[in-house]
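Student: Before I ask anything, here is the structure I am working with.
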Amino acid sequence: MSGLSARRRRDVVDALRRGTVPQRGLDVMAVGLDRFETALDGELEAVAGGSAQLKAVRGEYGSGKTFFARWFAERAKKVGFAVAEIQISETETPLHRLETVYRRIVENLTTAEAAPSALREVIDGWFHVLEQDVIAAGVDRADVVAVRAGVEGLLEKRLAGVSKSAPAFAAALRAYRGAVQAGDVAQADGLIAWLGGQPNVAAAVRRAAGIRGDLDHFGALGFLQGLLAVLRDSDYAGMVVVLDEVETLQRVRSDVREKSLNALRQLMDEIDSGRFPGLYLVITGTPAFYDGQQGMRRLPPLAQRLATDFTGDPRFDNPRAPQIRLMGFTQERLVELGVRVRDIYAGGAVAEGRVRDLVDDAYVADLAAAVAGELGGKVGVAPRMFLRKLVDVMDRVDQFPDFHPRRDYALTVDEAELRDTEREARALGEIRRPGRGVGNVDDVELDV
């Protein structure tokens with residue numbers, strides 16, 4: 001952990017203190033993910049070479065799907081990929097409306113150098129690359145008119161394939177470049193918003209650029225193709241898109257669910273056809289979504305493509321398969337994660353020695369067991385709450401010289417700080433305790 005910067009330490013600890021998954025620094029917290037590294041790195045290399053890939057991640061609530069997605073995204077950014085992570089939801093990001101999905105991708109687009117949304121930085125960088133290519137081809141750098149003409153010609157050539165399905169994308173890029181060169185900030189901002197799929201861009205902006213209307217469901221695929229072409233020409237390896245919490249489709253109206261599953265199938269068809277070179281699409285969901293009748297099985301072609309045999313020993317799961325599973329935390333892995341977080345925290349603590357001495361491995365193990373016990377013994381749903389409590393303990397040790405966790409800290413888990421899955425695990429644990437009744441009808445003892 002000595003190689004961590006102060007900022008990365010702070011980002012990790014602050015996120016855990018809030019009970020959320022950190023955006024950065026996940027490589028030092030990854031426990032049990034090493035078995036996926038070789039296969040995923042190989043697939044990223046293939047996508048960087050011009051192919052496309054889809055990976056479905058399955059796991060129960062609390063198994064670390066969001067952590068996995070961000071860990072993988074961070075790994076991808078280190079080898080030159082742009083990344084966008086979005087949460088699927090019926091109200092904010094309905095999967096059956098691909099124009100909304102595209103807009104969320106752009107809003108959350110990030111690179112190793114730029115924070116969301118990185119669209120403008122990517123496009124400006126692309127035009128710079130085009131200028132350099134034109135100059136390298138022999139055009140005099142001082143001849144502004146010739147350079148501009150060369151860039152426009154190269155733009156048309158690079159976007160020739162995209163223009164067939166989304167001619168407005170190329171038109172908006174040309175207009176944006178013209179607005180930037182003319183110093184028309186309002187026009188440039190409006191065109192960037194339109195390229196990002198934002199609705200309600202002023203009619204005057206669109207009229208000046210020779211484009212009309214807003215982005216629709218079918219145009220979104222063409223815009224995604226255009227964005228990938230721009231990224232590829234800007235020396236990015238490609239783009240990783242994470243569609244998190246796809247299992248929410250099970251809770252929407254049947255007609256919306258059918259449209260959403262069909263949109264996912266459409267994306268897979270386009271990936272298979274080679275339309276999106278440089279795209280690595282990741283979806284995450286629960287086993288019920290992949291195997292249940294309200295999930296992917298409602299669309300057999302989709303279920304067949306992602307079908308993977310998980311009947312054997314999890315140690316021998318194939319990480320190259322289209323679907324991989326996360327097994328969640330055991331008590332040993334939970335303790336290992338806690339020790340790593342302790343070391344991250346201690347490296348930037350004021351009272352580093354006290355933190356390491358008082359929050360030693362034995363205390364971390366005891367706290368992990370206590371938190372899991374509060375949640376009905378469900379270790380799989382314990383990591384978030386465990387890490388939050390662990391950081392709280394270390395904060396007190398770091399700030400108060402006379403604080404001793406074994407003497408002065410009593411674990412309390414308030415109902416308000418629990419998520420639904422944690423609350424359910426706790427309630428079930430309460431029911432199953434001796435003298436508290438039974439958890440289900442099979443637990444009823446009958447005197448016959």
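Residues in the structure tokens are numbered from 1 in each chain, the chains being A, B, ... in the order shown, and ligands are numbered from 1 in the order shown.
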Enumerate the residues of region 256-357 of chain A with a DSSP assignment of alpha helix (DSSP H), computed from the backbone, and present them as an NGL selection string.
Tutor: :A and (256-273 or 287-291 or 300-306 or 331-347 or 352-357)
Student: List the spatial neighbours of Val201 (chain A) as a PyMOL selection string - criterion: any atom at most 10 Å away, only C-alpha atoms, same-chain residues fewer than 2 positions off excluded.
Tutor: chain A and resi 189-194+197-199+203-206+213-214
Student: Of the candidates A:Val341, A:Ala160, A:Leu98, A:Ala288, which one gets nearest to Arg10 (chain A) if we count only C-alpha atoms?
Tutor: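 Between A:Val341, A:Ala160, A:Leu98, A:Ala288, the residue approaching Arg10 (chain A) most closely is A:Val341.
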Student: Neighbours of Val79 (chain A) within 10 Å (only C-alpha atoms; same-chain residues fewer than 4 positions away dropped), as a PyMOL selection string?
Tutor: chain A and resi 41+44-45+48+74-75+112+236-238
Student: Store the residues picked out above, limited to C-alpha atoms, as a JSON list (two decimals), in the first residue's frame.
Tutor:
```
[["chain", "number", "residue", "atom", "x", "y", "z"],
["A", 41, "ASP", "CA", -6.87, -8.61, -19.98],
["A", 44, "LEU", "CA", -9.39, -6.05, -23.57],
["A", 45, "GLU", "CA", -6.38, -6.58, -25.82],
["A", 48, "ALA", "CA", -8.22, -2.74, -28.57],
["A", 74, "GLU", "CA", -10.25, 1.15, -13.62],
["A", 75, "ARG", "CA", -8.14, -1.65, -15.06],
["A", 112, "ALA", "CA", -7.61, 8.34, -17.35],
["A", 236, "TYR", "CA", -7.90, 5.41, -27.23],
["A", 237, "ALA", "CA", -7.96, 1.63, -27.11],
["A", 238, "GLY", "CA", -11.76, 1.62, -27.11]]
```
Student: Which residue is closest to Thr100 (chain A)? Choose from A:His217, A:Arg251, A:Arg265, A:Arg406 and count only C-alpha atoms.
Tutor: A:His217
